[in-house]
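S.K.: I have a structure I would like to understand better, so I am pasting it below and will then ask my questions one at a time.
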Amino acid sequence: MTENPNRIRVGDRVAIFLRGKKRIWCADFWQNNVHRRVSLKTGNRKTAIKRATKLAADLMHGTYHQAPKPTLMSQVADDCIAFLRTEDRARRTIVKYRGVLNQFIAFLATQRVANIGQATASHFDRFRSQRKATRHVKTVYNESVIIKQVFKWARTRKLIVENPLVEIRLNKPRLQVKIGPSLVQVDAILASAGEPLRSQLTVLSFTGMRAGELQRLRVEDVDLKSGWIHIVSRQGAETKTRTSRKVPVHRRLREVLEQLPKDQRPWLFTAAPSKKYPDGGHNINTRRLNEQFGRLVTKLGMPVGREDGFVIHSLRHFFETFTVHAGIPQRVIDTWLGRRSDQSMAAVYYRLGDEESQAFMVKVPFSPTETPAESRKEVS
């Protein structure tokens, strides 16, 4: 058979030829008994031969991977979110991923990029730079981690030949020490708050629970007879670590819980009637709770804000700091707070018994006129 004069052989397996009105060089070859034709994306003969030579070498060494079909970044986001749901990831995690990906897709649209294969490390850098102008450095870091994870996932699903972000290393921001109120300041805040805010802040202050956990607290979660507040991770209303725990009811907190209304209601704390909920009975809004707390703290002349002041989460800082100063072991405090960040074997082996947990809580002098020595006397 005579050789086609319009085709140029490159190695034993590849032939190149000009194709189309724009006269673009294409490569013709067989791989795994499948005939393939790919564009070399050039009209220059010398460049085409160079690229075809590399292709032939990749075929010989078995390292050639055909470029996947173009996939919209929005489709990748949808598929990745579906994967997270299959893996039973928390709703909060899924919502966070969706929000970050929507932001990234909108940015790529401004760069005229629609497919994931068109995204580059430069796009990633520009997105981070744009976000840094309006977001905290930790927020930008967390968003960057999510985007890198999505690209890594896309590579495992063969949606991209190479991950353009694989070699990018992110510098994790240093943890900043957050201030928390003292017992004197907590007492002043509680004394100035009206109901039901006072009761809500009291529960947060003397249990260390998160505002979202307070929001989802049910009436049946409070067991005053046995002296426990159960922080339950329920389907659709999971805790941050997706695990349940219980915190002993301190004697100062008991006084407040005993005064709460005894009427039938789903949540321990319910919001006032509104246009959306004219009958009331719905759970509280954590953002509004933080705003109320901020106004109260401002009125008392205390610092407010995430950077150098107090927010509703600062009451959790108060709980940890105060209990540490009261001599409670860190393992006990971490169990009350529901922490899972410790990877040591002690975190695996240590178990806090009910009697020990109650005894440790009794030792905490949350009452303004009480001293640690008096608390220990009460235990003995």
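The chains in the structure tokens are called A, B, ... from first to last as shown; in each chain the residues are counted from 1, and the ligands are counted from 1 in the order shown.
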Which residues come within 7 Å of range 316-322 of chain A, counting only C-alpha atoms, excluding same-chain residues fewer than 4 positions away, as an mmCIF file with N, CA and C atoms, in the first residue's frame?
M.R.:
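In the end it all went to part.cif:
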```cif
data_model
loop_
_atom_site.group_PDB
_atom_site.id
_atom_site.type_symbol
_atom_site.label_atom_id
_atom_site.label_comp_id
_atom_site.auth_asym_id
_atom_site.auth_seq_id
_atom_site.Cartn_x
_atom_site.Cartn_y
_atom_site.Cartn_z
ATOM 1 N N GLY A 180 -12.405 36.296 75.979
ATOM 2 C CA GLY A 180 -13.717 35.945 76.492
ATOM 3 C C GLY A 180 -14.011 36.781 77.719
ATOM 4 N N PRO A 181 -15.258 36.988 78.062
ATOM 5 C CA PRO A 181 -15.595 37.798 79.239
ATOM 6 C C PRO A 181 -15.207 37.097 80.526
ATOM 7 N N SER A 182 -14.990 37.874 81.545
ATOM 8 C CA SER A 182 -14.738 37.329 82.881
ATOM 9 C C SER A 182 -16.077 37.023 83.546
ATOM 10 N N LEU A 204 -25.979 29.312 77.732
ATOM 11 C CA LEU A 204 -24.730 29.329 76.965
ATOM 12 C C LEU A 204 -23.517 29.506 77.876
ATOM 13 N N SER A 205 -23.643 30.358 78.865
ATOM 14 C CA SER A 205 -22.505 30.673 79.740
ATOM 15 C C SER A 205 -22.105 29.503 80.619
ATOM 16 N N PHE A 206 -23.073 28.741 81.118
ATOM 17 C CA PHE A 206 -22.770 27.716 82.113
ATOM 18 C C PHE A 206 -22.847 26.288 81.585
ATOM 19 N N GLY A 208 -21.366 25.978 77.992
ATOM 20 C CA GLY A 208 -20.361 26.040 76.931
ATOM 21 C C GLY A 208 -20.882 25.577 75.588
ATOM 22 N N MET A 209 -22.179 25.366 75.454
ATOM 23 C CA MET A 209 -22.714 24.908 74.174
ATOM 24 C C MET A 209 -22.681 26.031 73.136
ATOM 25 N N ARG A 210 -22.754 25.652 71.867
ATOM 26 C CA ARG A 210 -22.778 26.613 70.768
ATOM 27 C C ARG A 210 -24.176 27.196 70.610
ATOM 28 N N ALA A 326 -10.656 26.857 87.325
ATOM 29 C CA ALA A 326 -11.237 26.213 88.509
ATOM 30 C C ALA A 326 -10.603 24.846 88.775
ATOM 31 N N ILE A 333 -13.362 19.003 80.353
ATOM 32 C CA ILE A 333 -13.901 20.186 79.682
ATOM 33 C C ILE A 333 -14.158 19.898 78.200
#
```
S.K.: Report the residues of range 50-188 of chain A whose backbone DSSP state falls under helix (DSSP H, G or I), written as number ranges by chain.
M.R.: A: 50-61, 73-86, 91-110, 116-118, 121-132, 137-156, 183-188
S.K.: Using DSSP on the backbone, list every residue of range 216-372 of chain A that comes out as strand (DSSP E), and give them as a PyMOL selection string.
M.R.: chain A and resi 222-223+228-231+245-248
S.K.: Which residue is closest to Gly117 in chain A? Choose from A:Tyr350, A:Tyr141, A:Phe151, A:Phe104 and count only C-alpha atoms.
M.R.: A:Phe151
S.K.: Find the residues near Lys148 in chain A: any atom within 12 Å, counting only C-alpha atoms, skip ones fewer than 3 places away on the same chain, and give them as a PDB file with C-alpha atoms, in the first residue's frame.
M.R.:
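Heads up, here's the output in around-v4.pdb:
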```
ATOM      1  CA  TYR A  97     -19.474  23.754  49.756  1.00  0.00           C
ATOM      2  CA  VAL A 100     -18.144  28.554  47.951  1.00  0.00           C
ATOM      3  CA  LEU A 101     -18.564  26.799  44.602  1.00  0.00           C
ATOM      4  CA  PHE A 104     -16.070  30.424  42.325  1.00  0.00           C
ATOM      5  CA  ALA A 119      -9.632  26.700  34.861  1.00  0.00           C
ATOM      6  CA  THR A 120      -5.994  27.308  35.759  1.00  0.00           C
ATOM      7  CA  ALA A 121      -3.910  28.034  38.814  1.00  0.00           C
ATOM      8  CA  PHE A 124      -7.500  30.273  41.430  1.00  0.00           C
ATOM      9  CA  ASP A 125      -4.964  32.907  42.524  1.00  0.00           C
ATOM     10  CA  ARG A 128      -8.347  34.273  46.226  1.00  0.00           C
ATOM     11  CA  TYR A 141      -8.153  29.853  53.428  1.00  0.00           C
ATOM     12  CA  ASN A 142     -11.209  27.670  54.114  1.00  0.00           C
ATOM     13  CA  GLU A 143     -12.720  28.538  50.721  1.00  0.00           C
ATOM     14  CA  SER A 144      -9.421  27.730  49.010  1.00  0.00           C
ATOM     15  CA  VAL A 145      -9.277  24.320  50.715  1.00  0.00           C
ATOM     16  CA  PHE A 151     -10.534  19.737  41.834  1.00  0.00           C
ATOM     17  CA  LYS A 152      -8.910  16.721  43.483  1.00  0.00           C
ATOM     18  CA  TRP A 153     -12.280  14.941  43.424  1.00  0.00           C
ATOM     19  CA  ALA A 154     -12.772  15.874  39.742  1.00  0.00           C
ATOM     20  CA  ARG A 155      -9.384  14.349  38.907  1.00  0.00           C
ATOM     21  CA  ASN A 163      -5.279  18.911  38.479  1.00  0.00           C
ATOM     22  CA  PRO A 164      -3.968  22.473  37.996  1.00  0.00           C
ATOM     23  CA  LEU A 165      -4.083  23.106  41.763  1.00  0.00           C
ATOM     24  CA  VAL A 166      -2.301  19.961  42.932  1.00  0.00           C
ATOM     25  CA  GLU A 167       1.052  21.644  43.555  1.00  0.00           C
ATOM     26  CA  ILE A 168      -0.368  24.744  45.235  1.00  0.00           C
ATOM     27  CA  ARG A 169       0.400  24.849  48.947  1.00  0.00           C
ATOM     28  CA  LEU A 170      -1.778  26.968  51.193  1.00  0.00           C
TER      29      LEU A 170
END
```
S.K.: To one decimal place, how far is CA of Ile179 in chain A from CA of Leu300 in chain A in Å?
M.R.: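 Going from CA of Ile179 in chain A over to CA of Leu300 in chain A, I get 16.7 Å.
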S.K.: Measuring atom to atom with only C-alpha atoms, identify which of A:Lys225, A:Ile231, A:Gln292, A:Glu220 is nearest to Trp267 in chain A.
M.R.: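 Result for the nearest residue to Trp267 in chain A: A:Glu220.
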S.K.: With distances taken over only C-alpha atoms, which residue among A:Leu315, A:Val297, A:Val38, A:Val249 lies nearest Gln358 in chain A?
M.R.: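 Distance minimum relative to Gln358 in chain A lands on A:Val249.
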S.K.: Give the answer as one residue: which of A:Val304, A:Leu40, A:Ala106, A:Val203 has the shortest atom-to-atom distance to Leu217 in chain A, using only C-alpha atoms?
M.R.: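 Closest to Leu217 in chain A, using only C-alpha atoms: A:Val203.
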S.K.: In Å, how far is it from CA of Lys96 in chain A to CA of Gly294 in chain A?
M.R.: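 Computed distance, CA of Lys96 in chain A to CA of Gly294 in chain A, equals 25.0 Å.
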S.K.: Between A:Asn290, A:Thr335, A:Ser122, A:Ser192, which has the minimum distance to Thr243 in chain A (counting only C-alpha atoms)?
M.R.: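 That would be A:Thr335, the residue with the smallest distance to Thr243 in chain A.
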S.K.: Between A:Ser314, A:Thr110, A:Gln185, A:Gln103, which residue has the minimum interatomic distance to Arg131 in chain A, considering only C-alpha atoms?
M.R.: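 Among A:Ser314, A:Thr110, A:Gln185, A:Gln103, it is A:Gln103 that comes nearest to Arg131 in chain A.
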